[in-house]
Amino acid sequence: EAQVTQNPRYLITVTGKKLTVTCSQNMNHEYMSWYRQDPGLGLRQIYYSMNVEVTDKGDVPEGYKVSRKEKRNFPLILESPSPNQTSLYFCASSSLGVGSINQPQHFGDGTRLSIL
Amino acid sequence: RKEVEQDPGPFNVPEGATVAFNCTYSNSASQSFFWYRQDCRKEPKLLMSVYSSGNEDGRFTAQLNRASQYISLLIRDSKLSDSATYLCVVNSAGYALNFGKGTSLLVTP
């Protein structure tokens with residue numbers, strides 16, 4: 001079954017304690033992306049990657065890191081989490097079209113992160 | 001001006017009604033356009049891509065107006081199960097993607 005898998009689904013942690021949210025896809029997609037969703041602000045792109053070792057900042061990259069060492073995995077790292085990073089996070093993947101054409105994305109189930 | 005703007009609604013319509021949403025975008029170089037639906041705090045799911053010539057999928061019709069920089073979604077014969085938030089998505093520079101904040105639809109019996 002084609003899917004994007006995020007872990008953990010829920011996490012409550014404390015300020016400053018490094019955490020990693022994993023994302024894995026089994027569709028051999030080149031493009032992977034992380035979003036956060038907050039009430040009244042909608043979905044905002046954090047980082048995206050167009051292939052292995054190629055990553056770019058989205059709208060709200062501050063306080064986050066990503067890596068793309070393998071095609072299937074795109075972990076989101078919060079080195080020193082703060083309460084303003086409490087949010088619902090989604091990972092997504094898609095194939096890539098030619099000439100700056102995005103393809104429809106498949107989303108993971110989401111990760112609810114609470115930073116106390 | 002925000003990259004992608006939508007009327008948040010809510011749109012309350014009776015079953016069987018036709019409802020239309022618009023979404024405006026600011027980057028004239030955008031090439032990729034989509035409508036997604038999202039049920040309460042679940043993952044967004046693709047409803048349809050939007051093509052230059054317009055496209056239809058059953059009760060749903062999407063249109064793109066490049067001159068005025070907006071896309072639209074028309075839902076005919078609304079069902080209770082259409083109640084959701086509809087997200088407009090447009091690419092910006094390169095492959096970055098911008099989501100609208102969503103339009104809430106409630107279809108009532």
# chains A, B, ... in the order shown; residues from 1 in each chain; ligands from 1

$ residues_around --residues "stretch 12-15 of chain B" --least-positions-apart "4" --cutoff "12 Å" --atoms "only C-alpha atoms" --output "ChimeraX atom specification"
/B:8,19-20,75-85,103-109

$ residues_around --residues "A:Val66" --least-positions-apart "3" --cutoff "6 Å" --atoms "only C-alpha atoms" --output "VMD selection string"
chain A and resid 75 to 77

$ residues_around --residues "stretch 94-100 of chain B" --least-positions-apart "5" --cutoff "6 Å" --atoms "only C-alpha atoms" --output "JSON, numbers by chain"
{"A": [43, 100], "B": [4, 5, 6, 87, 88, 89]}

$ closest_residue --among "B:Ala62, B:Tyr51, B:Ala67, B:Asp57" --to "chain A" --atoms "only C-alpha atoms"
B:Tyr51

$ closest_atom_pairs --of "chain A" --to "chain B" --cutoff "12 Å" --atoms "only C-alpha atoms" --output "CSV"
residue,atom,partner,partner_atom,distance
A:Val4,CA,B:Glu43,CA,10.8
A:Thr5,CA,B:Glu43,CA,11.8
A:Gln6,CA,B:Glu43,CA,11.5
A:Arg9,CA,B:Lys42,CA,11.8
A:Glu30,CA,B:Tyr95,CA,11.6
A:Tyr31,CA,B:Tyr95,CA,8.8
A:Met32,CA,B:Tyr95,CA,10.5
A:Ser33,CA,B:Ala96,CA,9.1
A:Trp34,CA,B:Leu97,CA,10.6
A:Tyr35,CA,B:Phe99,CA,9.9
A:Arg36,CA,B:Phe99,CA,11.0
A:Gln37,CA,B:Arg41,CA,8.9
A:Asp38,CA,B:Lys101,CA,9.7
A:Pro39,CA,B:Lys101,CA,9.1
A:Gly40,CA,B:Lys101,CA,7.1
A:Leu41,CA,B:Lys101,CA,6.1
A:Gly42,CA,B:Lys101,CA,4.2
A:Leu43,CA,B:Phe99,CA,5.9
A:Arg44,CA,B:Phe99,CA,6.8
A:Gln45,CA,B:Leu97,CA,6.9
A:Ile46,CA,B:Ala96,CA,9.8
A:Tyr47,CA,B:Ala96,CA,8.6
A:Tyr48,CA,B:Ala96,CA,7.2
A:Ser49,CA,B:Tyr95,CA,9.0
A:Met50,CA,B:Tyr95,CA,8.0
A:Asn51,CA,B:Tyr95,CA,11.7
A:Thr55,CA,B:Ala96,CA,10.8
A:Asp56,CA,B:Ala96,CA,8.3
A:Lys57,CA,B:Ala96,CA,8.4
A:Gly58,CA,B:Ala96,CA,6.4
A:Asp59,CA,B:Asn98,CA,8.4
A:Val60,CA,B:Asn98,CA,11.4
A:Ser87,CA,B:Arg41,CA,11.1
A:Leu88,CA,B:Arg41,CA,8.3
A:Tyr89,CA,B:Glu43,CA,9.6
A:Phe90,CA,B:Glu43,CA,7.3
A:Cys91,CA,B:Glu43,CA,9.3
A:Ala92,CA,B:Glu43,CA,9.5
A:Ser94,CA,B:Tyr95,CA,11.1
A:Ser95,CA,B:Tyr95,CA,11.3
A:Leu96,CA,B:Tyr95,CA,8.8
A:Gly97,CA,B:Tyr95,CA,9.6
A:Val98,CA,B:Tyr95,CA,10.6
A:Gly99,CA,B:Gly94,CA,8.6
A:Ser100,CA,B:Gly94,CA,5.4
A:Ile101,CA,B:Ser32,CA,5.6
A:Asn102,CA,B:Ser32,CA,5.7
A:Gln103,CA,B:Ser32,CA,7.7
A:Pro104,CA,B:Leu46,CA,6.8
A:Gln105,CA,B:Leu46,CA,7.3
A:His106,CA,B:Lys45,CA,7.3
A:Phe107,CA,B:Glu43,CA,6.1
A:Gly108,CA,B:Glu43,CA,6.6
A:Asp109,CA,B:Glu43,CA,5.4
A:Gly110,CA,B:Glu43,CA,6.4
A:Thr111,CA,B:Glu43,CA,10.0
A:Arg112,CA,B:Arg41,CA,9.9

$ closest_residue --among "B:Leu74, B:Leu64, B:Ala17, B:Cys23" --to "B:Val50" --atoms "only C-alpha atoms"
B:Leu64

$ residues_around --residues "B:Asn65" --least-positions-apart "6" --cutoff "9 Å" --atoms "only C-alpha atoms" --output "number ranges by chain"
B: 52, 71-72

$ residues_around --residues "A:Gln85" --least-positions-apart "4" --cutoff "8 Å" --atoms "only C-alpha atoms" --output "PyMOL selection string"
chain A and resi 81+113-115

$ write_last_selection --atoms "N, CA and C atoms" --output "CSV table (one decimal), in the first residue's frame"
chain,number,residue,atom,x,y,z
A,81,PRO,N,13.6,22.6,21.0
A,81,PRO,CA,12.2,22.9,20.8
A,81,PRO,C,11.7,24.0,21.8
A,113,LEU,N,2.4,17.7,18.2
A,113,LEU,CA,3.6,18.0,19.0
A,113,LEU,C,3.2,19.0,20.0
A,114,SER,N,3.5,18.7,21.3
A,114,SER,CA,3.3,19.7,22.3
A,114,SER,C,4.6,20.0,23.1
A,115,ILE,N,5.0,21.2,23.1
A,115,ILE,CA,6.3,21.6,23.8
A,115,ILE,C,5.9,22.4,25.0

$ select_by_dssp --residues "chain A" --states "strand (DSSP E)" --output "NGL selection string"
:A and (4-7 or 10-13 or 19-25 or 31-38 or 42-51 or 54-57 or 65-66 or 76-78 or 87-94 or 106-107 or 111-115)

$ residues_around --residues "B:Glu3" --least-positions-apart "4" --cutoff "7 Å" --atoms "only C-alpha atoms" --output "compact mmCIF listing (two decimals) with N, CA and C atoms, in the first residue's frame"
# COMPACT_ATOMS: atom_id res chain seq x y z
N TYR B 25 -4.18 34.02 -6.14
CA TYR B 25 -2.76 33.81 -5.88
C TYR B 25 -1.98 34.99 -6.42
N SER B 26 -0.81 35.22 -5.83
CA SER B 26 -0.09 36.46 -6.14
C SER B 26 1.04 36.28 -7.14
N ASN B 27 1.55 35.06 -7.30
CA ASN B 27 2.71 34.85 -8.15
C ASN B 27 2.28 34.49 -9.57
N ASN B 98 2.46 26.81 -1.56
CA ASN B 98 1.73 27.65 -0.62
C ASN B 98 0.28 27.19 -0.54

$ atom_distance --atom1 "atom CA of A:Gln3" --atom2 "atom CA of A:Asn73"
12.3 Å

$ decode --residues "stretch 61-99 of chain A" --atoms "N, CA and C atoms" --output "PDB file, in the first residue's frame"
ATOM      1  N   PRO A  61      11.137  28.078   8.197  1.00  0.00           N
ATOM      2  CA  PRO A  61      12.177  27.104   8.526  1.00  0.00           C
ATOM      3  C   PRO A  61      12.862  27.327   9.874  1.00  0.00           C
ATOM      4  N   GLU A  62      12.667  28.495  10.495  1.00  0.00           N
ATOM      5  CA  GLU A  62      13.423  28.831  11.700  1.00  0.00           C
ATOM      6  C   GLU A  62      13.124  27.832  12.820  1.00  0.00           C
ATOM      7  N   GLY A  63      14.187  27.335  13.427  1.00  0.00           N
ATOM      8  CA  GLY A  63      14.053  26.395  14.540  1.00  0.00           C
ATOM      9  C   GLY A  63      13.967  24.943  14.120  1.00  0.00           C
ATOM     10  N   TYR A  64      14.052  24.678  12.834  1.00  0.00           N
ATOM     11  CA  TYR A  64      13.958  23.305  12.320  1.00  0.00           C
ATOM     12  C   TYR A  64      15.164  22.968  11.465  1.00  0.00           C
ATOM     13  N   LYS A  65      15.472  21.690  11.419  1.00  0.00           N
ATOM     14  CA  LYS A  65      16.464  21.168  10.483  1.00  0.00           C
ATOM     15  C   LYS A  65      15.877  19.941   9.825  1.00  0.00           C
ATOM     16  N   VAL A  66      16.378  19.651   8.631  1.00  0.00           N
ATOM     17  CA  VAL A  66      15.979  18.427   7.936  1.00  0.00           C
ATOM     18  C   VAL A  66      17.208  17.802   7.321  1.00  0.00           C
ATOM     19  N   SER A  67      17.069  16.561   6.921  1.00  0.00           N
ATOM     20  CA  SER A  67      18.129  15.912   6.156  1.00  0.00           C
ATOM     21  C   SER A  67      17.479  14.948   5.182  1.00  0.00           C
ATOM     22  N   ARG A  68      18.159  14.705   4.085  1.00  0.00           N
ATOM     23  CA  ARG A  68      17.637  13.755   3.095  1.00  0.00           C
ATOM     24  C   ARG A  68      18.812  12.899   2.615  1.00  0.00           C
ATOM     25  N   LYS A  69      19.163  11.939   3.453  1.00  0.00           N
ATOM     26  CA  LYS A  69      20.289  11.061   3.139  1.00  0.00           C
ATOM     27  C   LYS A  69      19.855   9.887   2.264  1.00  0.00           C
ATOM     28  N   GLU A  70      18.583   9.530   2.388  1.00  0.00           N
ATOM     29  CA  GLU A  70      18.033   8.455   1.551  1.00  0.00           C
ATOM     30  C   GLU A  70      16.760   8.980   0.915  1.00  0.00           C
ATOM     31  N   LYS A  71      16.410   8.421  -0.204  1.00  0.00           N
ATOM     32  CA  LYS A  71      15.247   8.922  -0.930  1.00  0.00           C
ATOM     33  C   LYS A  71      13.959   8.746  -0.137  1.00  0.00           C
ATOM     34  N   ARG A  72      13.837   7.676   0.594  1.00  0.00           N
ATOM     35  CA  ARG A  72      12.563   7.373   1.241  1.00  0.00           C
ATOM     36  C   ARG A  72      12.350   8.113   2.559  1.00  0.00           C
ATOM     37  N   ASN A  73      13.405   8.661   3.156  1.00  0.00           N
ATOM     38  CA  ASN A  73      13.280   9.243   4.499  1.00  0.00           C
ATOM     39  C   ASN A  73      13.563  10.740   4.515  1.00  0.00           C
ATOM     40  N   PHE A  74      12.808  11.448   5.323  1.00  0.00           N
ATOM     41  CA  PHE A  74      12.980  12.902   5.411  1.00  0.00           C
ATOM     42  C   PHE A  74      12.648  13.319   6.851  1.00  0.00           C
ATOM     43  N   PRO A  75      13.567  13.125   7.783  1.00  0.00           N
ATOM     44  CA  PRO A  75      13.277  13.457   9.178  1.00  0.00           C
ATOM     45  C   PRO A  75      13.276  14.959   9.439  1.00  0.00           C
ATOM     46  N   LEU A  76      12.450  15.373  10.370  1.00  0.00           N
ATOM     47  CA  LEU A  76      12.375  16.761  10.834  1.00  0.00           C
ATOM     48  C   LEU A  76      12.991  16.814  12.229  1.00  0.00           C
ATOM     49  N   ILE A  77      13.959  17.696  12.402  1.00  0.00           N
ATOM     50  CA  ILE A  77      14.706  17.764  13.658  1.00  0.00           C
ATOM     51  C   ILE A  77      14.457  19.110  14.321  1.00  0.00           C
ATOM     52  N   LEU A  78      14.088  19.050  15.591  1.00  0.00           N
ATOM     53  CA  LEU A  78      13.987  20.256  16.400  1.00  0.00           C
ATOM     54  C   LEU A  78      15.111  20.180  17.418  1.00  0.00           C
ATOM     55  N   GLU A  79      16.153  20.965  17.201  1.00  0.00           N
ATOM     56  CA  GLU A  79      17.347  20.871  18.044  1.00  0.00           C
ATOM     57  C   GLU A  79      17.064  21.369  19.466  1.00  0.00           C
ATOM     58  N   SER A  80      16.321  22.438  19.569  1.00  0.00           N
ATOM     59  CA  SER A  80      15.999  23.008  20.877  1.00  0.00           C
ATOM     60  C   SER A  80      14.553  23.496  20.842  1.00  0.00           C
ATOM     61  N   PRO A  81      13.615  22.568  20.978  1.00  0.00           N
ATOM     62  CA  PRO A  81      12.204  22.926  20.817  1.00  0.00           C
ATOM     63  C   PRO A  81      11.748  24.002  21.788  1.00  0.00           C
ATOM     64  N   SER A  82      10.827  24.832  21.312  1.00  0.00           N
ATOM     65  CA  SER A  82      10.257  25.873  22.166  1.00  0.00           C
ATOM     66  C   SER A  82       8.725  25.780  22.071  1.00  0.00           C
ATOM     67  N   PRO A  83       8.021  26.357  23.040  1.00  0.00           N
ATOM     68  CA  PRO A  83       6.555  26.244  23.044  1.00  0.00           C
ATOM     69  C   PRO A  83       5.885  26.733  21.754  1.00  0.00           C
ATOM     70  N   ASN A  84       6.493  27.701  21.067  1.00  0.00           N
ATOM     71  CA  ASN A  84       5.858  28.186  19.831  1.00  0.00           C
ATOM     72  C   ASN A  84       5.972  27.189  18.671  1.00  0.00           C
ATOM     73  N   GLN A  85       6.622  26.066  18.918  1.00  0.00           N
ATOM     74  CA  GLN A  85       6.659  25.000  17.927  1.00  0.00           C
ATOM     75  C   GLN A  85       5.606  23.915  18.210  1.00  0.00           C
ATOM     76  N   THR A  86       4.786  24.164  19.209  1.00  0.00           N
ATOM     77  CA  THR A  86       3.635  23.304  19.443  1.00  0.00           C
ATOM     78  C   THR A  86       2.704  23.440  18.245  1.00  0.00           C
ATOM     79  N   SER A  87       2.417  22.331  17.598  1.00  0.00           N
ATOM     80  CA  SER A  87       1.656  22.392  16.362  1.00  0.00           C
ATOM     81  C   SER A  87       1.305  20.990  15.882  1.00  0.00           C
ATOM     82  N   LEU A  88       0.551  20.957  14.788  1.00  0.00           N
ATOM     83  CA  LEU A  88       0.267  19.708  14.074  1.00  0.00           C
ATOM     84  C   LEU A  88       1.161  19.698  12.841  1.00  0.00           C
ATOM     85  N   TYR A  89       1.968  18.660  12.718  1.00  0.00           N
ATOM     86  CA  TYR A  89       2.943  18.587  11.637  1.00  0.00           C
ATOM     87  C   TYR A  89       2.552  17.498  10.642  1.00  0.00           C
ATOM     88  N   PHE A  90       2.695  17.842   9.372  1.00  0.00           N
ATOM     89  CA  PHE A  90       2.441  16.877   8.308  1.00  0.00           C
ATOM     90  C   PHE A  90       3.663  16.740   7.423  1.00  0.00           C
ATOM     91  N   CYS A  91       3.948  15.502   7.065  1.00  0.00           N
ATOM     92  CA  CYS A  91       4.945  15.204   6.043  1.00  0.00           C
ATOM     93  C   CYS A  91       4.195  14.814   4.777  1.00  0.00           C
ATOM     94  N   ALA A  92       4.755  15.122   3.636  1.00  0.00           N
ATOM     95  CA  ALA A  92       4.111  14.786   2.370  1.00  0.00           C
ATOM     96  C   ALA A  92       5.165  14.431   1.341  1.00  0.00           C
ATOM     97  N   SER A  93       4.761  13.670   0.334  1.00  0.00           N
ATOM     98  CA  SER A  93       5.688  13.333  -0.746  1.00  0.00           C
ATOM     99  C   SER A  93       4.951  13.335  -2.077  1.00  0.00           C
ATOM    100  N   SER A  94       5.720  13.516  -3.138  1.00  0.00           N
ATOM    101  CA  SER A  94       5.144  13.450  -4.476  1.00  0.00           C
ATOM    102  C   SER A  94       6.253  13.161  -5.480  1.00  0.00           C
ATOM    103  N   SER A  95       5.870  12.774  -6.659  1.00  0.00           N
ATOM    104  CA  SER A  95       6.834  12.724  -7.740  1.00  0.00           C
ATOM    105  C   SER A  95       7.059  14.164  -8.213  1.00  0.00           C
ATOM    106  N   LEU A  96       7.997  14.352  -9.111  1.00  0.00           N
ATOM    107  CA  LEU A  96       8.297  15.685  -9.622  1.00  0.00           C
ATOM    108  C   LEU A  96       7.956  15.765 -11.102  1.00  0.00           C
ATOM    109  N   GLY A  97       7.283  16.849 -11.480  1.00  0.00           N
ATOM    110  CA  GLY A  97       7.026  17.070 -12.890  1.00  0.00           C
ATOM    111  C   GLY A  97       8.158  17.861 -13.519  1.00  0.00           C
ATOM    112  N   VAL A  98       8.104  18.011 -14.809  1.00  0.00           N
ATOM    113  CA  VAL A  98       9.148  18.725 -15.541  1.00  0.00           C
ATOM    114  C   VAL A  98       8.841  20.222 -15.532  1.00  0.00           C
ATOM    115  N   GLY A  99       9.877  21.040 -15.382  1.00  0.00           N
ATOM    116  CA  GLY A  99       9.691  22.480 -15.513  1.00  0.00           C
ATOM    117  C   GLY A  99       8.896  23.138 -14.407  1.00  0.00           C
TER     118      GLY A  99
END
